[in-house]
file target-v4.cif (mmCIF, C-alpha atoms and all ligand atoms)
data_my_file
loop_
_atom_site.label_atom_id
_atom_site.label_comp_id
_atom_site.auth_asym_id
_atom_site.auth_seq_id
_atom_site.Cartn_x
_atom_site.Cartn_y
_atom_site.Cartn_z
CA MET A 28 16.08 -40.38 -19.09
CA ASN A 29 12.60 -39.02 -19.71
CA ILE A 30 12.44 -35.72 -17.85
CA GLU A 31 8.66 -35.60 -18.25
CA LYS A 32 8.31 -38.73 -16.14
CA LEU A 33 10.29 -37.14 -13.32
CA ILE A 34 8.67 -33.71 -13.10
CA LYS A 35 5.41 -33.13 -11.18
CA ASN A 36 2.35 -33.06 -13.40
CA GLU A 37 1.25 -29.62 -12.27
CA ILE A 38 4.66 -28.21 -13.30
CA LEU A 39 4.58 -29.95 -16.70
CA GLN A 40 1.23 -28.37 -17.43
CA GLN A 41 2.47 -24.81 -16.77
CA GLU A 42 4.32 -22.35 -18.97
CA ALA A 43 7.26 -20.51 -17.37
CA TYR A 44 6.18 -17.00 -16.25
CA PHE A 45 6.66 -14.85 -19.33
CA ILE A 46 8.21 -11.42 -18.98
CA GLU A 47 8.33 -9.37 -22.18
CA ASP A 48 11.94 -8.42 -22.75
CA SER A 49 11.98 -6.39 -25.96
CA PRO A 50 14.28 -3.38 -26.08
CA CYS A 51 12.25 -0.24 -25.39
CA ARG A 52 12.86 3.45 -24.77
CA ILE A 53 9.93 3.89 -22.38
CA LYS A 54 9.23 1.06 -19.94
CA LEU A 55 5.72 1.22 -18.52
CA ASP A 56 4.92 -2.46 -18.07
CA ALA A 57 6.10 -3.58 -14.62
CA ASN A 58 4.75 -0.99 -12.14
CA GLU A 59 8.22 0.22 -11.18
CA ASN A 60 9.10 3.67 -9.80
CA PRO A 61 10.09 5.76 -12.85
CA TYR A 62 12.47 7.99 -10.88
CA SER A 63 16.09 7.12 -10.19
CA LEU A 64 18.36 8.13 -7.31
CA SER A 65 20.15 11.48 -7.32
CA GLU A 66 23.95 11.44 -7.83
CA ASN A 67 24.48 12.36 -4.17
CA LEU A 68 22.36 9.54 -2.87
CA GLN A 69 23.99 7.09 -5.25
CA GLU A 70 27.39 8.04 -3.90
CA GLU A 71 26.18 7.73 -0.34
CA MET A 72 24.79 4.30 -1.07
CA VAL A 73 27.99 3.11 -2.75
CA LYS A 74 29.91 4.20 0.34
CA SER A 75 27.71 2.13 2.64
CA LEU A 76 27.86 -0.87 0.29
CA LYS A 77 31.67 -0.69 0.29
CA ALA A 78 31.69 -1.42 4.01
CA ILE A 79 30.07 -4.84 3.48
CA ALA A 80 32.30 -7.89 3.97
CA LEU A 81 31.51 -9.67 0.71
CA ASN A 82 33.46 -12.76 1.77
CA ARG A 83 31.07 -13.33 4.70
CA TYR A 84 27.54 -14.68 4.74
CA PRO A 85 24.87 -12.03 5.37
CA ASP A 86 23.15 -11.46 8.70
CA PRO A 87 20.87 -14.54 8.87
CA GLY A 88 17.25 -13.57 9.17
CA SER A 89 18.19 -9.90 8.46
CA ARG A 90 18.09 -9.09 12.20
CA GLU A 91 19.37 -5.51 11.99
CA LEU A 92 17.08 -4.55 9.12
CA ARG A 93 14.15 -6.23 10.87
CA ARG A 94 14.91 -4.23 13.99
CA ARG A 95 14.80 -0.99 11.99
CA LEU A 96 11.67 -1.98 10.09
CA ALA A 97 9.93 -2.90 13.34
CA VAL A 98 10.45 0.67 14.57
CA ASN A 99 9.33 2.08 11.24
CA LEU A 100 6.16 -0.02 11.03
CA GLU A 101 5.50 0.09 14.79
CA VAL A 102 5.32 -3.68 15.17
CA ASP A 103 7.42 -6.24 17.10
CA GLU A 104 10.52 -7.65 15.43
CA GLU A 105 9.08 -11.16 15.91
CA MET A 106 6.24 -10.17 13.61
CA LEU A 107 8.55 -9.58 10.63
CA LEU A 108 9.90 -11.92 7.99
CA LEU A 109 11.90 -10.59 5.05
CA GLY A 110 12.17 -12.18 1.65
CA ASN A 111 13.75 -12.00 -1.78
CA GLY A 112 10.86 -9.82 -2.93
CA SER A 113 7.30 -10.50 -1.83
CA ASP A 114 7.24 -13.19 -4.52
CA GLU A 115 9.42 -15.31 -2.24
CA LEU A 116 7.18 -14.63 0.76
CA ILE A 117 4.13 -15.75 -1.25
CA HIS A 118 6.00 -18.96 -2.09
CA LEU A 119 7.03 -19.49 1.56
CA LEU A 120 3.41 -19.19 2.68
CA LEU A 121 2.29 -21.67 0.04
CA LEU A 122 5.12 -24.10 0.85
CA ALA A 123 4.42 -24.07 4.58
CA PHE A 124 0.71 -24.78 4.27
CA ARG A 125 -0.72 -28.26 3.79
CA SER A 126 -2.12 -29.03 0.38
CA ASN A 127 -5.60 -30.06 1.34
CA PRO A 128 -7.19 -32.30 -1.35
CA ALA A 129 -10.69 -31.33 -0.21
CA GLY A 130 -9.88 -27.63 -0.01
CA GLY A 131 -7.58 -25.20 -1.76
CA ILE A 132 -6.39 -21.62 -1.92
CA VAL A 133 -9.02 -18.99 -2.66
CA ILE A 134 -8.21 -15.94 -4.79
CA PRO A 135 -10.44 -13.36 -6.46
CA VAL A 136 -9.65 -12.98 -10.16
CA PRO A 137 -8.23 -11.22 -12.05
CA THR A 138 -5.38 -10.64 -9.64
CA PHE A 139 -1.60 -10.89 -9.30
CA ALA A 140 -0.42 -13.98 -11.22
CA MET A 141 2.05 -15.23 -8.63
CA TYR A 142 -0.60 -16.45 -6.17
CA LYS A 143 -1.85 -19.02 -8.67
CA ILE A 144 1.58 -19.98 -9.98
CA GLY A 145 2.95 -20.46 -6.45
CA ALA A 146 -0.13 -22.40 -5.37
CA ILE A 147 0.09 -24.82 -8.28
CA ASN A 148 3.84 -25.29 -7.79
CA ALA A 149 3.29 -26.13 -4.13
CA GLY A 150 0.60 -28.68 -5.00
CA HIS A 151 -2.47 -26.69 -3.91
CA LYS A 152 -5.78 -26.64 -5.64
CA ILE A 153 -6.70 -23.08 -6.58
CA ILE A 154 -10.23 -21.73 -6.38
CA GLU A 155 -10.75 -18.59 -8.45
CA VAL A 156 -13.69 -16.33 -7.64
CA PRO A 157 -14.44 -13.67 -10.29
CA LEU A 158 -14.55 -10.05 -9.12
CA ASP A 159 -17.82 -8.21 -9.66
CA ARG A 160 -18.43 -5.73 -12.51
CA ASP A 161 -16.75 -2.91 -10.56
CA PHE A 162 -13.71 -5.12 -9.93
CA ASP A 163 -14.71 -5.33 -6.27
CA LEU A 164 -14.91 -8.57 -4.28
CA ASP A 165 -18.08 -10.53 -4.97
CA ILE A 166 -18.62 -11.14 -1.30
CA ASN A 167 -21.42 -13.70 -1.68
CA GLU A 168 -19.33 -15.79 -4.06
CA MET A 169 -16.23 -15.42 -1.87
CA ILE A 170 -18.13 -16.56 1.22
CA THR A 171 -19.70 -19.46 -0.72
CA ALA A 172 -16.26 -20.58 -1.94
CA MET A 173 -14.83 -20.25 1.55
CA SER A 174 -17.66 -22.27 3.12
CA ARG A 175 -17.29 -24.96 0.50
CA PHE A 176 -13.50 -25.27 0.36
CA ASP A 177 -12.51 -24.07 3.84
CA PRO A 178 -9.26 -22.54 2.50
CA ASP A 179 -6.10 -22.41 4.60
CA LEU A 180 -5.08 -19.30 2.65
CA VAL A 181 -6.92 -16.48 0.90
CA PHE A 182 -4.86 -13.92 -1.05
CA LEU A 183 -6.15 -10.37 -1.56
CA SER A 184 -4.10 -7.80 -3.45
CA TYR A 185 -4.98 -4.42 -1.87
CA PRO A 186 -4.98 -2.39 -4.15
CA ASN A 187 -5.53 -5.15 -6.65
CA ASN A 188 -3.10 -5.73 -9.50
CA PRO A 189 -4.02 -5.45 -12.38
CA THR A 190 -7.34 -3.65 -11.80
CA GLY A 191 -5.81 -0.93 -9.60
CA ASN A 192 -8.68 -0.55 -7.10
CA LEU A 193 -8.93 -1.04 -3.35
CA PHE A 194 -11.55 -3.61 -2.38
CA ASP A 195 -14.37 -2.49 -0.09
CA ARG A 196 -13.00 -2.68 3.43
CA ASP A 197 -16.21 -4.13 4.92
CA LYS A 198 -15.87 -7.08 2.57
CA ILE A 199 -12.30 -7.68 3.70
CA VAL A 200 -13.48 -7.56 7.32
CA GLU A 201 -16.10 -10.16 6.53
CA ILE A 202 -13.60 -12.44 4.79
CA VAL A 203 -11.07 -12.20 7.62
CA SER A 204 -13.67 -12.74 10.33
CA ARG A 205 -15.21 -15.74 8.57
CA SER A 206 -11.92 -17.38 7.62
CA ARG A 207 -10.61 -20.35 9.60
CA GLY A 208 -7.27 -19.98 7.79
CA LEU A 209 -4.96 -17.05 7.03
CA VAL A 210 -5.96 -14.06 4.92
CA VAL A 211 -2.98 -12.51 3.15
CA VAL A 212 -3.49 -8.84 2.31
CA ASP A 213 -0.80 -7.96 -0.22
CA GLU A 214 -0.10 -4.23 0.08
CA ALA A 215 2.53 -3.95 -2.66
CA TYR A 216 0.90 -0.68 -3.81
CA TYR A 217 0.20 0.73 -0.34
CA PRO A 218 2.40 3.85 -0.85
CA PHE A 219 0.13 5.03 -3.67
CA CYS A 220 -3.09 4.93 -1.65
CA GLY A 221 -2.04 5.16 2.01
CA THR A 222 -4.80 2.70 2.97
CA SER A 223 -3.63 -0.30 4.95
CA CYS A 224 -4.84 -3.23 7.04
CA LEU A 225 -1.62 -3.15 9.09
CA PRO A 226 -3.31 -1.64 12.20
CA ASP A 227 -5.82 -4.53 12.08
CA LEU A 228 -3.07 -7.01 12.95
CA ARG A 229 -3.80 -6.21 16.59
CA SER A 230 -7.34 -7.54 16.39
CA TRP A 231 -7.21 -10.03 13.50
CA LYS A 232 -4.81 -12.80 14.44
CA ASN A 233 -5.22 -14.61 11.10
CA LEU A 234 -4.12 -11.64 9.02
CA VAL A 235 -0.83 -11.47 7.10
CA ILE A 236 0.37 -8.25 5.47
CA LEU A 237 2.84 -8.13 2.59
CA ARG A 238 4.79 -5.06 1.54
CA THR A 239 7.66 -4.58 -0.92
CA LEU A 240 10.29 -2.00 -1.88
CA SER A 241 9.84 -2.93 -5.55
CA LYS A 242 7.25 -0.27 -6.33
CA VAL A 243 8.99 2.61 -4.57
CA GLY A 244 12.38 2.58 -6.21
CA PHE A 245 14.14 -0.70 -5.42
CA ALA A 246 12.74 -3.39 -7.69
CA ALA A 247 16.30 -4.46 -8.51
CA ILE A 248 17.33 -5.36 -4.98
CA ARG A 249 14.35 -7.66 -4.21
CA LEU A 250 13.14 -6.94 -0.70
CA GLY A 251 9.73 -8.10 0.47
CA ILE A 252 8.31 -7.65 3.97
CA LEU A 253 5.82 -9.95 5.70
CA VAL A 254 4.08 -8.86 8.92
CA ALA A 255 2.03 -11.33 10.97
CA GLN A 256 1.58 -12.69 14.48
CA PRO A 257 4.82 -14.21 15.89
CA PRO A 258 3.58 -17.86 15.83
CA ILE A 259 2.94 -17.56 12.09
CA VAL A 260 6.35 -15.97 11.48
CA ARG A 261 8.04 -18.70 13.58
CA GLU A 262 6.64 -21.45 11.36
CA LEU A 263 7.43 -19.63 8.13
CA ASN A 264 11.01 -19.16 9.32
CA LYS A 265 11.46 -22.93 9.17
CA VAL A 266 10.74 -22.88 5.43
CA ARG A 267 12.89 -19.80 4.70
CA LEU A 268 16.38 -20.45 3.35
CA PRO A 269 18.94 -19.23 5.92
CA TYR A 270 20.42 -16.46 3.77
CA ASN A 271 17.44 -15.57 1.61
CA VAL A 272 18.10 -11.81 1.75
CA ASN A 273 21.64 -10.95 0.67
CA ALA A 274 23.86 -8.44 2.48
CA LEU A 275 23.65 -5.79 -0.26
CA THR A 276 19.85 -5.88 -0.16
CA GLN A 277 19.83 -5.65 3.63
CA GLU A 278 22.06 -2.58 3.46
CA VAL A 279 19.91 -0.94 0.79
CA GLY A 280 16.84 -1.69 2.92
CA SER A 281 18.34 0.33 5.77
CA PHE A 282 19.34 3.05 3.32
CA PHE A 283 15.72 3.24 2.15
CA LEU A 284 14.50 3.73 5.71
CA GLU A 285 17.06 6.48 6.33
CA HIS A 286 15.93 8.35 3.21
CA GLU A 287 12.25 7.48 3.18
CA SER A 288 11.18 11.08 2.61
CA VAL A 289 12.99 11.16 -0.77
CA PHE A 290 11.01 8.15 -1.96
CA HIS A 291 7.81 9.53 -0.47
CA ASP A 292 8.25 12.68 -2.58
CA GLN A 293 8.65 10.51 -5.68
CA VAL A 294 5.44 8.65 -4.77
CA LEU A 295 3.61 11.99 -4.53
CA LYS A 296 4.81 12.90 -8.03
CA VAL A 297 3.59 9.53 -9.32
CA ILE A 298 0.18 10.17 -7.73
CA ASP A 299 -0.03 13.57 -9.49
CA ASN A 300 1.04 12.00 -12.78
CA ARG A 301 -1.54 9.24 -12.31
CA GLN A 302 -4.30 11.83 -12.18
CA MET A 303 -3.05 13.58 -15.34
CA LEU A 304 -2.68 10.28 -17.19
CA PHE A 305 -6.15 9.14 -16.12
CA GLU A 306 -7.80 12.36 -17.31
CA ALA A 307 -5.94 12.22 -20.63
CA LEU A 308 -6.90 8.57 -21.22
CA LYS A 309 -10.52 9.39 -20.38
CA GLY A 310 -10.51 11.96 -23.18
CA LEU A 311 -9.50 9.41 -25.84
CA GLU A 312 -12.23 7.93 -27.97
CA GLY A 313 -12.41 4.16 -27.68
CA ILE A 314 -10.44 4.05 -24.44
CA THR A 315 -11.96 3.58 -20.96
CA PRO A 316 -9.51 3.91 -18.06
CA TYR A 317 -10.39 2.50 -14.63
CA ARG A 318 -9.74 4.58 -11.51
CA SER A 319 -6.57 3.47 -9.78
CA ASP A 320 -5.25 3.56 -6.21
CA ALA A 321 -1.94 2.15 -7.41
CA ASN A 322 0.90 3.30 -9.70
CA PHE A 323 -0.66 1.93 -12.88
CA ILE A 324 -3.88 2.33 -14.84
CA LEU A 325 -5.89 -0.45 -16.44
CA PHE A 326 -7.82 0.62 -19.52
CA SER A 327 -10.07 -1.13 -21.96
CA CYS A 328 -10.05 -0.52 -25.70
CA THR A 329 -13.19 -0.91 -27.76
CA SER A 330 -11.17 -2.60 -30.50
CA GLU A 331 -7.78 -3.83 -31.58
CA LYS A 332 -6.02 -3.91 -28.26
CA ASN A 333 -3.41 -6.34 -29.64
CA ARG A 334 -2.69 -3.93 -32.49
CA ILE A 335 -2.39 -1.01 -30.04
CA TYR A 336 -0.02 -3.03 -27.86
CA SER A 337 2.19 -4.16 -30.78
CA GLU A 338 2.29 -0.69 -32.34
CA LEU A 339 3.32 0.86 -29.04
CA LEU A 340 6.04 -1.77 -28.66
CA SER A 341 7.31 -1.26 -32.18
CA ARG A 342 7.67 2.44 -31.31
CA GLY A 343 9.66 1.60 -28.20
CA ILE A 344 6.91 1.89 -25.56
CA MET A 345 6.27 -1.17 -23.47
CA ILE A 346 3.06 -1.59 -21.49
CA LYS A 347 1.33 -4.75 -20.26
CA ASN A 348 -1.00 -6.85 -22.38
CA PHE A 349 -3.34 -9.59 -21.15
CA SER A 350 -4.73 -12.72 -22.71
CA SER A 351 -7.49 -11.93 -25.20
CA SER A 352 -9.81 -14.41 -23.54
CA GLY A 353 -11.15 -13.79 -20.05
CA PRO A 354 -12.21 -10.71 -18.12
CA LEU A 355 -9.30 -8.57 -19.31
CA GLY A 356 -9.76 -9.53 -22.95
CA LEU A 357 -10.08 -5.90 -24.03
CA CYS A 358 -7.63 -4.44 -21.51
CA LEU A 359 -4.12 -3.09 -21.37
CA ARG A 360 -2.26 -1.78 -18.30
CA VAL A 361 0.11 1.15 -18.26
CA THR A 362 2.45 2.03 -15.39
CA VAL A 363 2.46 5.71 -14.43
CA GLY A 364 5.77 7.06 -15.65
CA ARG A 365 7.57 10.40 -15.44
CA GLU A 366 5.60 13.31 -16.86
CA GLU A 367 7.51 13.32 -20.16
CA GLU A 368 7.14 9.54 -20.53
CA ASN A 369 3.38 9.73 -20.01
CA LYS A 370 3.13 12.55 -22.57
CA GLU A 371 5.07 10.56 -25.14
CA PHE A 372 2.97 7.44 -24.44
CA LEU A 373 -0.21 9.50 -24.96
CA ARG A 374 1.12 11.12 -28.13
CA VAL A 375 1.97 7.77 -29.71
CA LEU A 376 -1.30 6.21 -28.49
CA ARG A 377 -3.29 9.03 -30.12
CA GLU A 378 -1.42 8.45 -33.40
CA ILE A 379 -2.14 4.72 -33.26
CA LEU A 380 -5.84 5.30 -32.54
CA HIS A 381 -6.12 7.64 -35.53
CA GLN A 382 -4.41 5.28 -37.99
C1 LIG A 401 0.25 -7.36 -5.89
C2 LIG A 401 1.71 -7.66 -6.04
N1 LIG A 401 2.33 -8.33 -5.07
C3 LIG A 401 3.63 -8.62 -5.16
C4 LIG A 401 4.38 -8.25 -6.26
C5 LIG A 401 5.81 -8.66 -6.36
O1 LIG A 401 6.58 -7.91 -5.55
P1 LIG A 401 8.14 -8.21 -5.42
O2 LIG A 401 8.82 -7.46 -6.50
O3 LIG A 401 8.47 -7.70 -4.05
O4 LIG A 401 8.35 -9.70 -5.54
C6 LIG A 401 3.78 -7.54 -7.29
C7 LIG A 401 4.57 -7.14 -8.47
O5 LIG A 401 4.12 -6.69 -9.45
C8 LIG A 401 2.40 -7.25 -7.18
O6 LIG A 401 1.76 -6.61 -8.16
#
call {"tool": "encode", "arguments": {"input": "target-v4.cif", "output": "structure tokens", "more": "lines below"}}
Ligand SMILES: Cc1ncc(COP(=O)(O)O)c(C=O)c1O
result
Amino acid sequence: MNIEKLIKNEILQQEAYFIEDSPCRIKLDANENPYSLSENLQEEMVKSLKAIALNRYPDPGSRELRRRLAVNLEVDEEMLLLGNGSDELIHLLLLAFRSNPAGGIVIPVPTFAMYKIGAINAGHKIIEVPLDRDFDLDINEMITAMSRFDPDLVFLSYPNNPTGNLFDRDKIVEIVSRSRGLVVVDEAYYPFCGTSCLPDLRSWKNLVILRTLSKVGFAAIRLGILVAQPPIVRELNKVRLPYNVNALTQEVGSFFLEHESVFHDQVLKVIDNRQMLFEALKGLEGITPYRSDANFILFSCTSEKNRIYSELLSRGIMIKNFSSSGPLGLCLRVTVGREEENKEFLRVLREILHQ
């Protein structure tokens, strides 16, 4: 058997998504919440998990958790679809939509890698529109691409990963109002900026909002939230696997809602730490940090970014590196950690810069 003859061409041409997995003492590469749960809350959670009937399938469609989230987000239950992280929801959207040979999926770049990977896997053509020099949407180029390719889906990460900024809202309004298809506004980093397009769902029927618990303390359990008009959710439900969100995750989702203030306090600490980290990076010669509305900071290095990255890693500090070609060729991205982690990162970075 020749496996290469059986696999789709677009899959053969891809590399599997690479996640750096070196042992490290300080992990600042994946935009996770650096704070863990208190002992008390851990015990409380274990108690609620114990009550789950592990021999039974989970609540299909996560009805109870959807009911609670609907109250929390002030939307109808029929507007919610939950997934195994927002990664799964991105894949569901791409699976459900036709792959239009004349058109494609429009994304500004650089942005979150999974839009492109999912689009290629689902057989879509992908149209990448470079961001402008301030990492904002190049609205003329976006509108030109949309007129030419008439995309069924446009993905906007808001704030954008990996640049960290919120796009200009007027530009989003223009994209949504001009789009014949759906515009997906991915608000994975919403907690760190408090700016959302969720209220716009009332007036923009072609808008889809994505949220996740991954950035606020529950990356391990994989819970993504999609909010859209009920007819959109109804169609996506046909593509969703019946038990895509397991019972433990559903329970932890409810636990999160019951204790939201604890996680909100952690977010506030991250926002404070972000400011301190930004100011400190700004003071380093050869480093230019970009303002961030998320829980990470992108920074460019005038030289040797691969050396800086490898030296940090060899000293047990993991951040995110990007391909040396392309718009992020000089850039690295660091997740905002706990105060002591940020201090240690800065101390080691200073040493590396002075070597
Ligand atoms: C913009 C954006 N959307 C979605 C995700 C993935 O979220 P999840 O962990 O819920 O799959 C990430 C993760 O880094 C992200 O940066």
call {"tool": "residues_near_ligand", "arguments": {"input": "target-v4.cif", "ligand": "ligand LIG 401 (chain A)", "cutoff": "10 Å", "atoms": "only C-alpha atoms and all ligand atoms", "output": "ChimeraX atom specification"}}
result
/A:56-59,110-117,138-142,182-189,191,212-217,237-242,245-252,321
call {"tool": "atom_distance", "arguments": {"input": "target-v4.cif", "atom1": "atom CA of Gly88 of chain A", "atom2": "atom CA of Leu209 of chain A"}}
result
22.6 Å
call {"tool": "residues_around", "arguments": {"input": "target-v4.cif", "residues": "Glu262 of chain A", "least_positions_apart": "2", "cutoff": "12 Å", "atoms": "only C-alpha atoms", "output": "number ranges by chain"}}
result
A: 105-106, 108, 119-120, 122-124, 255-260, 264-267
call {"tool": "atom_distance", "arguments": {"input": "target-v4.cif", "atom1": "atom CA of Val200 of chain A", "atom2": "atom CA of Ile298 of chain A"}}
result
27.0 Å
call {"tool": "atom_distance", "arguments": {"input": "target-v4.cif", "atom1": "atom CA of Val294 of chain A", "atom2": "atom CA of Phe219 of chain A"}}
result
6.5 Å
call {"tool": "residues_near_point", "arguments": {"input": "target-v4.cif", "point": "(-5.3, -26.9, 1.7)", "cutoff": "10 Å", "atoms": "only C-alpha atoms", "output": "PDB file with C-alpha atoms, keeping the file's coordinate frame"}}
result
ATOM      1  CA  LEU A 121       2.290 -21.670   0.040  1.00  0.00           C
ATOM      2  CA  PHE A 124       0.710 -24.780   4.270  1.00  0.00           C
ATOM      3  CA  ARG A 125      -0.720 -28.260   3.790  1.00  0.00           C
ATOM      4  CA  SER A 126      -2.120 -29.030   0.380  1.00  0.00           C
ATOM      5  CA  ASN A 127      -5.600 -30.060   1.340  1.00  0.00           C
ATOM      6  CA  PRO A 128      -7.190 -32.300  -1.350  1.00  0.00           C
ATOM      7  CA  ALA A 129     -10.690 -31.330  -0.210  1.00  0.00           C
ATOM      8  CA  GLY A 130      -9.880 -27.630  -0.010  1.00  0.00           C
ATOM      9  CA  GLY A 131      -7.580 -25.200  -1.760  1.00  0.00           C
ATOM     10  CA  ILE A 132      -6.390 -21.620  -1.920  1.00  0.00           C
ATOM     11  CA  VAL A 133      -9.020 -18.990  -2.660  1.00  0.00           C
ATOM     12  CA  ALA A 146      -0.130 -22.400  -5.370  1.00  0.00           C
ATOM     13  CA  GLY A 150       0.600 -28.680  -5.000  1.00  0.00           C
ATOM     14  CA  HIS A 151      -2.470 -26.690  -3.910  1.00  0.00           C
ATOM     15  CA  LYS A 152      -5.780 -26.640  -5.640  1.00  0.00           C
ATOM     16  CA  ILE A 153      -6.700 -23.080  -6.580  1.00  0.00           C
ATOM     17  CA  PHE A 176     -13.500 -25.270   0.360  1.00  0.00           C
ATOM     18  CA  ASP A 177     -12.510 -24.070   3.840  1.00  0.00           C
ATOM     19  CA  PRO A 178      -9.260 -22.540   2.500  1.00  0.00           C
ATOM     20  CA  ASP A 179      -6.100 -22.410   4.600  1.00  0.00           C
ATOM     21  CA  LEU A 180      -5.080 -19.300   2.650  1.00  0.00           C
ATOM     22  CA  GLY A 208      -7.270 -19.980   7.790  1.00  0.00           C
TER      23      GLY A 208
END
call {"tool": "closest_atom_pairs", "arguments": {"input": "target-v4.cif", "of": "segment 83-185 of chain A", "to": "segment 350-359 of chain A", "cutoff": "9 Å", "atoms": "only C-alpha atoms", "output": "JSON lines"}}
result
{"residue": "A:Val136", "atom": "CA", "partner": "A:Pro354", "partner_atom": "CA", "distance": 8.7}
{"residue": "A:Pro137", "atom": "CA", "partner": "A:Pro354", "partner_atom": "CA", "distance": 7.3}
{"residue": "A:Pro157", "atom": "CA", "partner": "A:Pro354", "partner_atom": "CA", "distance": 8.7}
call {"tool": "closest_residue", "arguments": {"input": "target-v4.cif", "among": "A:Gly364, A:Arg342, A:Phe290, A:Leu376", "to": "Leu68 of chain A", "atoms": "all atoms listed in the file"}}
result
A:Phe290
call {"tool": "residues_around", "arguments": {"input": "target-v4.cif", "residues": "Asp165 of chain A", "least_positions_apart": "3", "cutoff": "12 Å", "atoms": "all atoms listed in the file", "output": "short mmCIF file (atom, residue, chain, number, x, y, z; two decimals) with C-alpha atoms, in the coordinates of the input"}}
result
data_model
loop_
_atom_site.label_atom_id
_atom_site.label_comp_id
_atom_site.auth_asym_id
_atom_site.auth_seq_id
_atom_site.Cartn_x
_atom_site.Cartn_y
_atom_site.Cartn_z
CA ILE A 134 -8.21 -15.94 -4.79
CA PRO A 135 -10.44 -13.36 -6.46
CA VAL A 136 -9.65 -12.98 -10.16
CA GLU A 155 -10.75 -18.59 -8.45
CA VAL A 156 -13.69 -16.33 -7.64
CA PRO A 157 -14.44 -13.67 -10.29
CA LEU A 158 -14.55 -10.05 -9.12
CA ASP A 159 -17.82 -8.21 -9.66
CA ARG A 160 -18.43 -5.73 -12.51
CA ASP A 161 -16.75 -2.91 -10.56
CA PHE A 162 -13.71 -5.12 -9.93
CA GLU A 168 -19.33 -15.79 -4.06
CA MET A 169 -16.23 -15.42 -1.87
CA ILE A 170 -18.13 -16.56 1.22
CA THR A 171 -19.70 -19.46 -0.72
CA ALA A 172 -16.26 -20.58 -1.94
CA PHE A 194 -11.55 -3.61 -2.38
CA ASP A 195 -14.37 -2.49 -0.09
CA ASP A 197 -16.21 -4.13 4.92
CA LYS A 198 -15.87 -7.08 2.57
CA ILE A 199 -12.30 -7.68 3.70
CA GLU A 201 -16.10 -10.16 6.53
CA ILE A 202 -13.60 -12.44 4.79
#
call {"tool": "residues_around", "arguments": {"input": "target-v4.cif", "residues": "Val210 of chain A", "least_positions_apart": "3", "cutoff": "7 Å", "atoms": "all atoms listed in the file", "output": "list in words"}}
result
Leu180, Val181, Phe182, Val203, Asn233, Leu234 and Val235 of chain A
call {"tool": "residues_around", "arguments": {"input": "target-v4.cif", "residues": "segment 72-78 of chain A", "least_positions_apart": "5", "cutoff": "10 Å", "atoms": "only C-alpha atoms", "output": "PyMOL selection string"}}
result
chain A and resi 64+66-67+274-279+282-283
call {"tool": "closest_residue", "arguments": {"input": "target-v4.cif", "among": "A:Ser281, A:Asn192, A:Ser330, A:Gln69", "to": "Cys220 of chain A", "atoms": "all atoms listed in the file"}}
result
A:Asn192
call {"tool": "residues_near_point", "arguments": {"input": "target-v4.cif", "point": "(25.3, -14.2, 6.7)", "cutoff": "9 Å", "atoms": "all atoms listed in the file", "output": "PyMOL selection string"}}
result
chain A and resi 83-89+269-270+273-274
call {"tool": "closest_residue", "arguments": {"input": "target-v4.cif", "among": "A:Leu228, A:Val243, A:Val102, A:Leu340", "to": "Asp292 of chain A", "atoms": "all atoms listed in the file"}}
result
A:Val243
call {"tool": "build_atoms", "arguments": {"input": "target-v4.cif", "residues": "segment 50-59 of chain A", "atoms": "N, CA and C atoms", "output": "mmCIF file, in the coordinates of the input"}}
result
data_model
loop_
_atom_site.group_PDB
_atom_site.id
_atom_site.type_symbol
_atom_site.label_atom_id
_atom_site.label_comp_id
_atom_site.auth_asym_id
_atom_site.auth_seq_id
_atom_site.Cartn_x
_atom_site.Cartn_y
_atom_site.Cartn_z
ATOM 1 N N PRO A 50 13.651 -4.662 -26.388
ATOM 2 C CA PRO A 50 14.280 -3.380 -26.080
ATOM 3 C C PRO A 50 13.230 -2.274 -26.192
ATOM 4 N N CYS A 51 13.238 -1.321 -25.287
ATOM 5 C CA CYS A 51 12.250 -0.240 -25.390
ATOM 6 C C CYS A 51 12.861 1.043 -24.831
ATOM 7 N N ARG A 52 12.333 2.169 -25.276
ATOM 8 C CA ARG A 52 12.860 3.450 -24.770
ATOM 9 C C ARG A 52 12.046 3.907 -23.581
ATOM 10 N N ILE A 53 10.782 3.490 -23.509
ATOM 11 C CA ILE A 53 9.930 3.890 -22.380
ATOM 12 C C ILE A 53 9.293 2.631 -21.796
ATOM 13 N N LYS A 54 9.648 2.339 -20.549
ATOM 14 C CA LYS A 54 9.230 1.060 -19.940
ATOM 15 C C LYS A 54 8.093 1.327 -18.955
ATOM 16 N N LEU A 55 6.898 0.951 -19.369
ATOM 17 C CA LEU A 55 5.720 1.220 -18.520
ATOM 18 C C LEU A 55 4.911 -0.072 -18.347
ATOM 19 N N ASP A 56 5.627 -1.175 -18.127
ATOM 20 C CA ASP A 56 4.920 -2.460 -18.070
ATOM 21 C C ASP A 56 4.962 -3.140 -16.706
ATOM 22 N N ALA A 57 5.866 -2.740 -15.815
ATOM 23 C CA ALA A 57 6.100 -3.580 -14.620
ATOM 24 C C ALA A 57 5.839 -2.845 -13.307
ATOM 25 N N ASN A 58 5.152 -1.727 -13.357
ATOM 26 C CA ASN A 58 4.750 -0.990 -12.140
ATOM 27 C C ASN A 58 5.939 -0.604 -11.264
ATOM 28 N N GLU A 59 7.041 -0.232 -11.932
ATOM 29 C CA GLU A 59 8.220 0.220 -11.180
ATOM 30 C C GLU A 59 8.126 1.727 -10.927
#
